[in-house]
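A.B. asks: File follows, protein.cif with mmCIF, C-alpha atoms and all ligand atoms:
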```cif
data_run
loop_
_atom_site.label_atom_id
_atom_site.label_comp_id
_atom_site.auth_asym_id
_atom_site.auth_seq_id
_atom_site.Cartn_x
_atom_site.Cartn_y
_atom_site.Cartn_z
CA MET L 1 47.61 -53.12 -8.77
CA ALA L 2 44.12 -54.14 -7.74
CA ARG L 3 41.97 -51.22 -6.59
CA GLY L 4 42.51 -50.42 -2.92
CA ASN L 5 44.96 -48.72 -0.56
CA LEU L 6 48.73 -48.35 -0.71
CA LEU L 7 50.83 -49.13 2.33
CA TYR L 8 54.09 -47.18 2.73
CA ALA L 9 56.73 -48.22 5.29
CA GLN L 10 60.17 -46.87 6.17
CA SER L 11 62.90 -49.31 7.10
CA GLY L 12 66.38 -49.22 8.65
CA GLY L 13 68.41 -46.11 9.40
CA VAL L 14 66.62 -42.95 8.32
CA THR L 15 68.18 -40.20 6.20
CA ALA L 16 67.93 -36.46 5.64
CA VAL L 17 65.62 -37.01 2.66
CA ILE L 18 63.62 -40.19 3.32
CA ASN L 19 60.64 -38.03 4.27
CA ALA L 20 60.90 -36.32 0.89
CA THR L 21 60.30 -39.74 -0.64
CA ALA L 22 57.31 -40.22 1.69
CA ALA L 23 55.96 -36.82 0.66
CA ALA L 24 56.32 -37.70 -3.03
CA VAL L 25 54.55 -41.04 -2.48
CA ILE L 26 51.60 -39.37 -0.76
CA HIS L 27 51.42 -36.55 -3.27
CA ALA L 28 51.53 -38.89 -6.28
CA ALA L 29 48.96 -41.30 -4.79
CA ARG L 30 46.61 -38.42 -4.01
CA SER L 31 46.75 -37.27 -7.60
CA HIS L 32 45.44 -40.74 -8.54
CA HIS L 33 42.83 -40.68 -5.72
CA VAL L 34 44.56 -43.55 -3.94
CA LYS L 35 44.77 -43.56 -0.14
CA VAL L 36 48.18 -44.05 1.48
CA LEU L 37 48.38 -45.80 4.82
CA ALA L 38 51.75 -45.65 6.56
CA ALA L 39 53.10 -48.33 8.87
CA ARG L 40 54.21 -47.04 12.28
CA ASN L 41 57.84 -48.03 12.86
CA GLY L 42 58.27 -49.84 9.57
CA ILE L 43 57.30 -53.45 9.06
CA LEU L 44 56.60 -53.81 12.79
CA GLY L 45 53.67 -51.43 12.39
CA ALA L 46 52.29 -53.63 9.63
CA LEU L 47 52.65 -56.74 11.83
CA ARG L 48 51.11 -55.00 14.85
CA GLU L 49 48.39 -53.46 12.70
CA GLU L 50 49.60 -50.01 13.74
CA LEU L 51 48.69 -48.09 10.63
CA ILE L 52 48.46 -44.36 10.03
CA ASP L 53 45.94 -42.76 7.72
CA THR L 54 47.90 -40.09 5.83
CA SER L 55 44.73 -38.63 4.29
CA HIS L 56 44.29 -36.56 7.47
CA GLU L 57 47.45 -34.59 6.70
CA SER L 58 47.04 -31.26 4.91
CA ALA L 59 48.72 -30.58 1.57
CA ALA L 60 50.91 -28.00 3.37
CA SER L 61 52.09 -30.63 5.89
CA ILE L 62 52.98 -33.02 3.10
CA ARG L 63 54.91 -30.25 1.34
CA ALA L 64 56.77 -29.51 4.60
CA LEU L 65 57.49 -33.22 5.03
CA ALA L 66 59.73 -32.96 1.99
CA HIS L 67 62.18 -30.76 3.91
CA THR L 68 61.93 -32.49 7.32
CA PRO L 69 64.60 -35.02 8.33
CA GLY L 70 64.08 -38.18 10.41
CA GLY L 71 61.40 -40.73 9.57
CA ALA L 72 57.92 -39.24 9.95
CA PHE L 73 56.16 -42.55 10.62
CA GLY L 74 59.00 -44.24 12.47
CA SER L 75 61.40 -46.85 11.13
CA CYS L 76 62.82 -50.04 12.59
CA ARG L 77 65.58 -52.58 12.39
CA TYR L 78 63.62 -55.79 12.29
CA LYS L 79 64.49 -58.66 10.00
CA LEU L 80 61.79 -61.17 9.15
CA LYS L 81 63.04 -64.75 9.14
CA ALA L 82 62.82 -66.65 5.87
CA PRO L 83 59.28 -67.96 5.28
CA GLU L 84 60.68 -71.55 5.31
CA VAL L 85 61.75 -70.92 8.92
CA ASP L 86 58.78 -68.87 10.12
CA ARG L 87 55.78 -68.36 7.87
CA ALA L 88 53.61 -66.78 10.55
CA PRO L 89 54.75 -63.11 10.08
CA TYR L 90 54.08 -63.29 6.34
CA GLU L 91 50.63 -64.76 6.90
CA ARG L 92 49.97 -62.04 9.44
CA LEU L 93 51.01 -59.35 6.97
CA ILE L 94 48.63 -60.73 4.36
CA ALA L 95 45.85 -60.79 6.99
CA VAL L 96 46.53 -57.14 7.87
CA PHE L 97 46.64 -56.16 4.21
CA ARG L 98 43.37 -57.98 3.55
CA ALA L 99 41.71 -56.32 6.57
CA HIS L 100 42.70 -52.85 5.34
CA ASP L 101 42.17 -53.37 1.62
CA ILE L 102 45.89 -52.89 0.92
CA HIS L 103 46.92 -54.02 -2.55
CA GLY L 104 50.13 -52.05 -3.01
CA PHE L 105 53.12 -52.16 -0.63
CA LEU L 106 55.95 -49.63 -0.93
CA TYR L 107 58.95 -50.53 1.19
CA ASN L 108 61.44 -47.68 1.57
CA GLY L 109 64.73 -49.20 2.67
CA GLY L 110 67.95 -50.98 1.80
CA ASN L 111 68.92 -54.49 0.73
CA ASP L 112 67.22 -56.27 3.66
CA SER L 113 63.97 -54.47 2.88
CA ALA L 114 64.26 -55.44 -0.78
CA ASP L 115 64.51 -59.04 0.37
CA THR L 116 61.46 -58.74 2.64
CA ALA L 117 59.39 -57.09 -0.10
CA LEU L 118 60.42 -59.83 -2.52
CA LYS L 119 59.50 -62.62 -0.10
CA LEU L 120 56.19 -60.96 0.66
CA SER L 121 55.35 -60.69 -3.03
CA LYS L 122 55.96 -64.44 -3.40
CA ILE L 123 53.85 -65.38 -0.37
CA ALA L 124 51.01 -63.12 -1.54
CA ALA L 125 51.07 -64.90 -4.91
CA GLU L 126 50.94 -68.29 -3.15
CA PHE L 127 47.92 -67.09 -1.19
CA GLY L 128 46.31 -65.77 -4.35
CA TYR L 129 46.16 -62.34 -2.67
CA PRO L 130 46.52 -59.51 -5.19
CA LEU L 131 49.49 -57.46 -3.97
CA THR L 132 52.03 -55.35 -5.83
CA CYS L 133 55.28 -54.93 -3.86
CA VAL L 134 57.64 -52.12 -4.87
CA GLY L 135 60.97 -51.28 -3.26
CA VAL L 136 61.99 -47.66 -2.80
CA PRO L 137 65.74 -47.15 -2.22
CA LYS L 138 67.36 -45.24 0.65
CA THR L 139 70.55 -45.56 2.65
CA VAL L 140 73.38 -43.25 3.58
CA ASP L 141 75.69 -46.24 3.12
CA ASN L 142 75.08 -46.16 -0.68
CA ASP L 143 75.62 -49.91 -0.76
CA LEU L 144 72.63 -51.01 -2.90
CA GLU L 145 73.39 -52.89 -6.10
CA VAL L 146 71.99 -51.79 -9.48
CA THR L 147 71.01 -48.22 -8.52
CA ASP L 148 73.67 -45.62 -9.37
CA CYS L 149 73.25 -44.13 -5.90
CA CYS L 150 70.84 -44.29 -2.97
CA PRO L 151 68.71 -41.36 -1.80
CA GLY L 152 70.11 -40.14 1.51
CA PHE L 153 73.71 -40.86 0.56
CA ALA L 154 74.42 -37.67 -1.36
CA SER L 155 73.28 -35.43 1.50
CA ALA L 156 75.35 -37.37 4.04
CA ALA L 157 78.25 -37.25 1.57
CA LYS L 158 77.90 -33.49 1.24
CA TYR L 159 77.84 -33.11 5.02
CA THR L 160 80.99 -35.24 5.21
CA ALA L 161 82.97 -33.44 2.49
CA VAL L 162 81.98 -29.96 3.68
CA SER L 163 82.66 -30.77 7.35
CA VAL L 164 86.08 -32.21 6.57
CA ARG L 165 87.01 -29.15 4.49
CA GLU L 166 85.87 -26.77 7.26
CA ALA L 167 87.46 -28.69 10.12
CA ALA L 168 90.71 -28.91 8.15
CA LEU L 169 90.86 -25.08 8.02
CA ASP L 170 90.48 -25.07 11.81
CA VAL L 171 93.28 -27.60 12.28
CA ALA L 172 95.54 -25.76 9.84
CA ALA L 173 95.13 -22.55 11.82
CA MET L 174 96.16 -24.17 15.12
CA ALA L 175 98.68 -26.77 14.05
CA ASP L 176 101.85 -24.83 14.80
CA THR L 177 101.26 -24.78 18.55
CA SER L 178 98.34 -27.14 19.11
CA THR L 179 96.55 -29.99 17.28
CA LYS L 180 98.60 -31.85 14.68
CA VAL L 181 96.23 -34.69 13.81
CA PHE L 182 92.45 -34.70 13.37
CA VAL L 183 90.52 -37.94 12.86
CA TYR L 184 87.00 -37.89 11.36
CA GLU L 185 84.88 -41.06 11.46
CA ALA L 186 82.44 -41.71 8.61
CA MET L 187 79.48 -44.11 8.69
CA GLY L 188 78.89 -46.64 5.93
CA ARG L 189 79.20 -50.06 7.54
CA HIS L 190 81.17 -52.36 5.21
CA ALA L 191 81.27 -49.96 2.26
CA GLY L 192 83.59 -46.97 1.89
CA TRP L 193 81.28 -44.64 -0.05
CA LEU L 194 80.87 -42.02 2.68
CA ALA L 195 84.55 -42.10 3.62
CA ALA L 196 85.43 -41.69 -0.05
CA ALA L 197 83.10 -38.71 -0.38
CA ALA L 198 85.32 -36.93 2.16
CA GLY L 199 87.96 -36.92 -0.57
CA MET L 200 85.94 -34.20 -2.30
CA ALA L 201 87.10 -31.83 0.48
CA GLY L 202 90.50 -31.31 -1.13
CA HIS L 203 92.79 -31.84 -4.11
CA GLY L 204 96.35 -33.15 -4.18
CA PRO L 205 98.42 -34.81 -1.47
CA ASP L 206 98.85 -31.73 0.75
CA GLN L 207 95.16 -30.89 1.07
CA ALA L 208 92.88 -32.55 3.60
CA PRO L 209 91.86 -35.29 3.91
CA HIS L 210 95.44 -36.51 3.73
CA LEU L 211 94.56 -40.10 4.53
CA ILE L 212 91.31 -42.00 4.00
CA LEU L 213 90.94 -45.42 5.58
CA PHE L 214 88.49 -47.55 3.59
CA PRO L 215 86.75 -50.66 4.89
CA GLU L 216 87.66 -52.34 1.60
CA ARG L 217 91.39 -52.15 2.56
CA VAL L 218 93.03 -53.93 5.49
CA PHE L 219 94.34 -51.52 8.14
CA ASP L 220 98.07 -51.72 8.79
CA GLU L 221 99.02 -49.83 11.96
CA THR L 222 102.74 -49.46 11.23
CA ASP L 223 102.11 -48.13 7.73
CA PHE L 224 99.37 -45.79 9.04
CA LEU L 225 101.63 -44.25 11.70
CA ALA L 226 104.48 -43.79 9.23
CA ARG L 227 102.16 -42.00 6.81
CA VAL L 228 100.72 -39.74 9.52
CA GLN L 229 104.21 -38.84 10.71
CA ALA L 230 105.40 -38.03 7.19
CA ILE L 231 102.36 -35.86 6.46
CA VAL L 232 102.74 -33.93 9.72
CA ALA L 233 106.42 -33.33 8.86
CA ARG L 234 105.58 -32.20 5.32
CA VAL L 235 102.28 -30.30 5.72
CA GLY L 236 102.36 -29.38 9.41
CA TYR L 237 99.21 -31.36 10.27
CA CYS L 238 97.28 -34.40 9.11
CA VAL L 239 93.53 -34.93 8.62
CA VAL L 240 92.48 -38.58 8.62
CA VAL L 241 89.05 -39.85 7.55
CA ALA L 242 88.32 -43.36 8.78
CA SER L 243 85.34 -45.47 7.84
CA GLU L 244 83.58 -47.04 10.81
CA GLY L 245 83.94 -50.40 9.05
CA VAL L 246 87.77 -50.46 8.90
CA ARG L 247 89.16 -53.89 9.83
CA GLY L 248 92.55 -55.05 10.99
CA PRO L 249 94.57 -57.95 9.54
CA ASP L 250 92.60 -60.39 11.76
CA GLY L 251 89.38 -59.36 9.97
CA ARG L 252 87.91 -57.75 13.10
CA PHE L 253 86.55 -54.20 13.11
CA LEU L 254 89.04 -51.80 14.71
CA ALA L 255 86.20 -50.32 16.75
CA GLU L 256 85.53 -53.74 18.24
CA ALA L 257 89.12 -54.05 19.30
CA GLY L 258 88.41 -52.69 22.79
CA THR L 259 85.62 -50.17 22.20
CA VAL L 260 82.34 -50.85 23.98
CA ASP L 261 79.14 -48.82 24.20
CA SER L 262 77.49 -47.65 27.41
CA PHE L 263 75.70 -51.02 27.81
CA GLY L 264 78.98 -52.87 27.50
CA HIS L 265 78.15 -54.19 24.00
CA ALA L 266 80.69 -53.99 21.19
CA GLN L 267 79.29 -51.55 18.66
CA LEU L 268 80.29 -50.50 15.14
CA GLY L 269 81.53 -46.95 15.56
CA GLY L 270 84.42 -45.67 17.63
CA VAL L 271 87.24 -46.05 15.10
CA ALA L 272 88.18 -42.35 15.43
CA PRO L 273 88.90 -42.38 19.19
CA HIS L 274 90.73 -45.68 18.73
CA LEU L 275 93.01 -44.23 16.04
CA ALA L 276 93.45 -40.98 17.95
CA GLN L 277 94.67 -42.94 20.96
CA ILE L 278 97.21 -44.85 18.85
CA VAL L 279 98.53 -41.64 17.26
CA LYS L 280 98.80 -39.91 20.63
CA GLU L 281 100.58 -42.81 22.28
CA LYS L 282 102.93 -43.75 19.44
CA LEU L 283 103.67 -40.34 17.87
CA GLY L 284 103.23 -38.16 20.95
CA VAL L 285 101.32 -35.37 19.16
CA LYS L 286 98.10 -33.59 20.08
CA VAL L 287 95.05 -35.17 18.43
CA HIS L 288 91.38 -34.24 18.09
CA TRP L 289 88.78 -36.66 16.79
CA THR L 290 85.10 -36.67 15.94
CA VAL L 291 82.36 -39.25 15.44
CA PRO L 292 79.56 -37.31 13.68
CA ASP L 293 77.37 -40.39 13.90
CA TYR L 294 73.69 -39.42 13.44
CA LEU L 295 74.65 -35.82 12.59
CA GLN L 296 75.78 -37.00 9.13
CA ARG L 297 72.62 -38.92 8.30
CA SER L 298 70.14 -36.34 9.64
CA ALA L 299 71.81 -33.16 8.34
CA ARG L 300 68.92 -31.79 6.29
CA HIS L 301 70.26 -28.23 6.58
CA ILE L 302 73.08 -29.08 4.20
CA ALA L 303 71.16 -31.50 1.97
CA SER L 304 72.22 -31.90 -1.64
CA ALA L 305 69.67 -30.62 -4.16
CA THR L 306 70.45 -33.61 -6.39
CA ASP L 307 69.71 -35.97 -3.52
CA LEU L 308 66.40 -34.27 -2.84
CA LYS L 309 65.43 -34.60 -6.52
CA HIS L 310 66.33 -38.29 -6.46
CA ALA L 311 64.37 -38.88 -3.24
CA LEU L 312 61.27 -37.25 -4.68
CA ALA L 313 61.61 -39.04 -8.03
CA VAL L 314 61.90 -42.56 -6.57
CA GLY L 315 58.77 -41.93 -4.47
CA ARG L 316 56.77 -40.76 -7.48
CA ALA L 317 58.01 -43.61 -9.67
CA ALA L 318 57.24 -46.22 -6.99
CA VAL L 319 53.61 -45.12 -6.91
CA ASN L 320 53.41 -45.32 -10.71
CA TYR L 321 54.94 -48.81 -10.69
CA ALA L 322 52.51 -49.97 -8.00
CA LEU L 323 49.50 -48.57 -9.86
CA ALA L 324 50.74 -50.21 -13.06
CA GLY L 325 51.03 -53.56 -11.24
CA ARG L 326 54.83 -53.82 -11.68
CA ASN L 327 55.42 -56.32 -8.94
CA ALA L 328 58.71 -57.14 -7.17
CA VAL L 329 60.70 -54.23 -8.59
CA MET L 330 62.59 -51.31 -7.08
CA ALA L 331 62.61 -47.78 -8.48
CA VAL L 332 66.33 -47.28 -9.12
CA ILE L 333 68.40 -44.30 -10.26
CA VAL L 334 70.15 -44.76 -13.61
CA ARG L 335 72.96 -42.34 -14.52
CA THR L 336 73.05 -41.69 -18.23
CA ALA L 337 75.80 -39.00 -18.25
CA ASP L 338 78.32 -37.50 -15.81
CA SER L 339 78.66 -34.10 -17.41
CA PRO L 340 76.21 -32.59 -17.88
CA TYR L 341 74.74 -34.88 -15.26
CA ARG L 342 71.73 -36.82 -16.55
CA TRP L 343 69.72 -39.51 -14.84
CA LYS L 344 66.39 -41.28 -14.94
CA ILE L 345 64.39 -43.69 -12.81
CA ALA L 346 63.85 -47.27 -13.97
CA PRO L 347 62.37 -50.44 -12.46
CA ALA L 348 64.87 -53.14 -11.44
CA PRO L 349 63.97 -56.63 -10.17
CA LEU L 350 64.09 -56.77 -6.36
CA ALA L 351 65.92 -60.07 -6.74
CA ASP L 352 68.92 -58.16 -8.17
CA LEU L 353 69.20 -56.01 -5.03
CA ALA L 354 67.99 -58.21 -2.17
CA ASN L 355 70.69 -58.97 0.41
CA ARG L 356 73.54 -57.75 -1.80
CA GLU L 357 76.08 -55.14 -0.82
CA LYS L 358 77.83 -52.82 -3.29
CA LYS L 359 81.31 -51.92 -2.12
CA LEU L 360 83.35 -48.93 -3.25
CA PRO L 361 84.84 -49.91 -6.65
CA ALA L 362 88.62 -50.42 -6.69
CA HIS L 363 89.08 -47.82 -9.46
CA PHE L 364 87.68 -45.14 -7.10
CA VAL L 365 90.63 -45.64 -4.72
CA ARG L 366 93.94 -43.88 -5.42
CA GLU L 367 96.94 -46.10 -6.05
CA ASP L 368 98.39 -45.51 -2.57
CA GLY L 369 95.08 -46.78 -1.09
CA HIS L 370 94.33 -43.59 0.88
CA GLY L 371 92.58 -41.18 -1.45
CA ILE L 372 90.14 -41.00 -4.34
CA THR L 373 90.66 -41.01 -8.10
CA ALA L 374 89.39 -38.75 -10.88
CA ALA L 375 86.72 -41.38 -11.65
CA ALA L 376 85.43 -41.10 -8.07
CA ARG L 377 85.31 -37.31 -8.37
CA ARG L 378 83.29 -37.60 -11.58
CA TYR L 379 80.86 -39.86 -9.72
CA PHE L 380 80.54 -37.72 -6.57
CA ALA L 381 80.48 -34.19 -8.03
CA PRO L 382 76.94 -34.21 -9.46
CA LEU L 383 75.62 -35.94 -6.35
CA LEU L 384 76.92 -33.21 -4.04
CA ARG L 385 75.77 -30.44 -6.34
CA GLY L 386 73.13 -27.91 -5.36
CA GLN L 387 71.72 -26.64 -2.07
CA ALA L 388 68.22 -27.41 -0.83
CA PRO L 389 67.99 -25.79 2.60
CA PRO L 390 64.80 -26.02 4.65
CA PRO L 391 62.88 -22.80 5.37
CA TYR L 392 64.00 -21.06 8.57
CA GLY L 393 61.79 -19.24 11.09
CA ARG L 394 62.30 -15.90 12.85
CA ASP L 395 63.97 -17.76 15.71
CA GLY L 396 66.67 -18.80 13.28
CA MET L 397 65.64 -22.45 13.44
CA PRO L 398 64.51 -24.70 10.56
CA ARG L 399 60.75 -25.13 10.27
CA TYR L 400 60.18 -28.87 10.41
CA VAL L 401 56.73 -30.45 10.45
CA ALA L 402 55.24 -32.91 12.95
CA LEU L 403 52.46 -34.90 11.29
CA LYS L 404 49.20 -35.79 13.03
CA ASN L 405 49.83 -39.48 12.37
CA ARG L 406 46.20 -40.39 13.06
CA PRO L 407 45.90 -44.17 13.60
CA VAL L 408 43.59 -46.43 11.62
CA GLY L 409 41.22 -48.50 13.80
CA LYS L 410 42.38 -52.08 14.36
CA CYS L 411 40.30 -55.01 13.08
CA LEU L 412 42.44 -58.00 14.04
CA PRO L 413 43.59 -59.68 17.27
CA ALA L 414 46.93 -58.42 18.64
CA TRP L 415 50.07 -59.76 16.96
CA GLN L 416 52.03 -62.27 19.05
CA ALA L 417 55.66 -62.36 17.84
O1 LIG L 501 71.63 -46.75 8.03
C1 LIG L 501 72.96 -47.06 7.89
C2 LIG L 501 73.72 -46.68 9.11
O2 LIG L 501 73.66 -45.31 9.27
C3 LIG L 501 75.16 -47.19 9.09
O3 LIG L 501 76.02 -46.39 8.40
C4 LIG L 501 75.45 -47.28 10.57
O4 LIG L 501 76.46 -48.20 10.84
C5 LIG L 501 74.16 -47.74 11.10
O5 LIG L 501 73.16 -47.25 10.25
C6 LIG L 501 73.82 -47.33 12.51
O6 LIG L 501 72.65 -47.96 12.83
P1 LIG L 501 71.84 -47.82 14.16
O7 LIG L 501 71.22 -46.46 14.13
O8 LIG L 501 70.81 -48.89 14.12
O9 LIG L 501 72.81 -48.02 15.27
#
```
Let me see the structure of the file written as structure tokens.
C.D. replies:
Amino acid sequence: MARGNLLYAQSGGVTAVINATAAAVIHAARSHHVKVLAARNGILGALREELIDTSHESAASIRALAHTPGGAFGSCRYKLKAPEVDRAPYERLIAVFRAHDIHGFLYNGGNDSADTALKLSKIAAEFGYPLTCVGVPKTVDNDLEVTDCCPGFASAAKYTAVSVREAALDVAAMADTSTKVFVYEAMGRHAGWLAAAAGMAGHGPDQAPHLILFPERVFDETDFLARVQAIVARVGYCVVVASEGVRGPDGRFLAEAGTVDSFGHAQLGGVAPHLAQIVKEKLGVKVHWTVPDYLQRSARHIASATDLKHALAVGRAAVNYALAGRNAVMAVIVRTADSPYRWKIAPAPLADLANREKKLPAHFVREDGHGITAAARRYFAPLLRGQAPPPYGRDGMPRYVALKNRPVGKCLPAWQA
């Protein structure tokens, strides 16, 4: 890239390890004497010229960032319209970049962010503004094309598999006189990766989870109830893992079929209480359910060591790509062997990832449609492997860092959206 500053921005839902990527970006850039500015609240911070100068943070704070969950600079859900529809935001971004001598842009997000980074790289070229745009992957949904997995996913997957195994022991202990069915809801939107990871909690048809409901398969209520009933009769209890994105035969999300949030808006999430209600009403047994929601994507205390290594590696590689002028690529994870697990980072064209969604492959789903295969286990095992707990203080609580986040002075008029 042309000499100047790097801008780093976080985008979309944050993860347990996205800050590790940020830490690696800052650390790598410092070793090349390049300043990293961070956008406050993702791309919105770039549009609003709300930039943070990370050079005020001590080396110890940046090290601690690597074990702190959340998104240290703030993230956002904000989709830029296509430049053919509204060119103004792209022109504004170039103006902000020019004003702050930014010639490298690292966008840490999912498929929407890959699309934005790609569009921005094209507009910058049209303007003749020297800018290298590099995507950095993250999402607990694990739904990015090309990359073998997405940083953030493995830690959420580990939380899911471990929680399901532990909760199943609880249910088993009480089932004779109390709860017979437990329903766990996994995030993941339209892709069943997180729900599938729950399958790592047990082996064989009698171990939990007994039933996984994938968003890739149409939900059939009659079949579901028959299976639950049979499992309760055989095992004594039944643990169900349902993806938040499960749809009925009409193509609508189950959670939308009557579930509303506190504002009265239909929201993705709420499949577990919905299913629990059906089981209670139709089978007349005691049910418990849980929606771990943000707990699964922020659970840094149970992070996977593999995930942490991936998160650090994509950050480091992204800086190297930017400095080498490798424009419009993403730093992706390439698996070269399952056992022993081997992987490397490689650049992939943003165009191959932008706006695409990778679903759970059919050969990862057991023949009966409600469990995982040996191939899925081979994929998940190395991702879940290894512990990377944060340091704990004398109060028994994890020691997370709060950065100074010192703002850079503004040079431009305020942004009018
Ligand atoms: O980031 C992905 C994700 O965690 C999805 O699994 C989930 O559906 C969604 O984010 C929740 O998003 P939000 O926090 O914006 O409601």
A.B. asks: Kindly indicate which residue among L:Ala186, L:Ala255, L:Ala376, L:Ala346 lies nearest to ligand LIG 501 (chain L), using only C-alpha atoms and all ligand atoms for the distances.
C.D. replies: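 Using only C-alpha atoms and all ligand atoms, the shortest distance to ligand LIG 501 (chain L) belongs to L:Ala186.
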A.B. asks: Residues within 9 Å of ligand LIG 501 (chain L), counting all atoms listed in the file: report them as a PyMOL selection string.
C.D. replies: chain L and resi 12-15+76-77+110+138-142+186-191+194+244-245+267-269+293-294+296-297
A.B. asks: Using all atoms listed in the file, find the one residue out of L:Gly325, L:Gly284, L:Gly109, L:Gly386 that sits nearest to L:Lys309.
C.D. replies: L:Gly386
A.B. asks: Nearest to L:Asn19: which of L:Ala311, L:Leu295, L:Val136, L:Ala331 is it, counting only C-alpha atoms?
C.D. replies: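 The answer is L:Ala311, which sits nearest to L:Asn19.
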A.B. asks: With all atoms listed in the file as the basis for distance, which of L:Thr179, L:Thr306, L:Thr21, L:Gln416 is at the shortest distance from L:Arg63?
C.D. replies: L:Thr21
A.B. asks: Using Å and a single decimal, report how far atom CA of L:Thr373 sits from atom CA of L:Lys344.
C.D. replies: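 It comes out at 25.2 Å.
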A.B. asks: What separation in Å, quoted to one decimal, exists between atom CA of L:Asn327 and atom CA of L:Ser55?
C.D. replies: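 Computing it gives 24.5 Å between the two atoms.
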A.B. asks: Let me make sure I understand: among L:Ala351, L:Ala64, L:Met330, L:Ala299, which one has the smallest atom-to-atom distance to L:His27 if we use only C-alpha atoms?
C.D. replies: L:Ala64
A.B. asks: From the options L:Ser58, L:Gln10, L:Asn5, L:Ser243, which residue's atoms come nearest to L:Thr160, counting all atoms listed in the file?
C.D. replies: L:Ser243
A.B. asks: Quick one, how far is atom CA of L:Gly152 from atom CA of L:Val17?
C.D. replies: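 Atom CA of L:Val17 lies 5.6 Å from atom CA of L:Gly152.
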A.B. asks: Find the residues around L:Arg234 up to 12 Å (all atoms listed in the file counted), leave out those fewer than 3 positions away in its own chain, and share them as a PyMOL selection string.
C.D. replies: chain L and resi 180+205-207+210+227-231+237-238
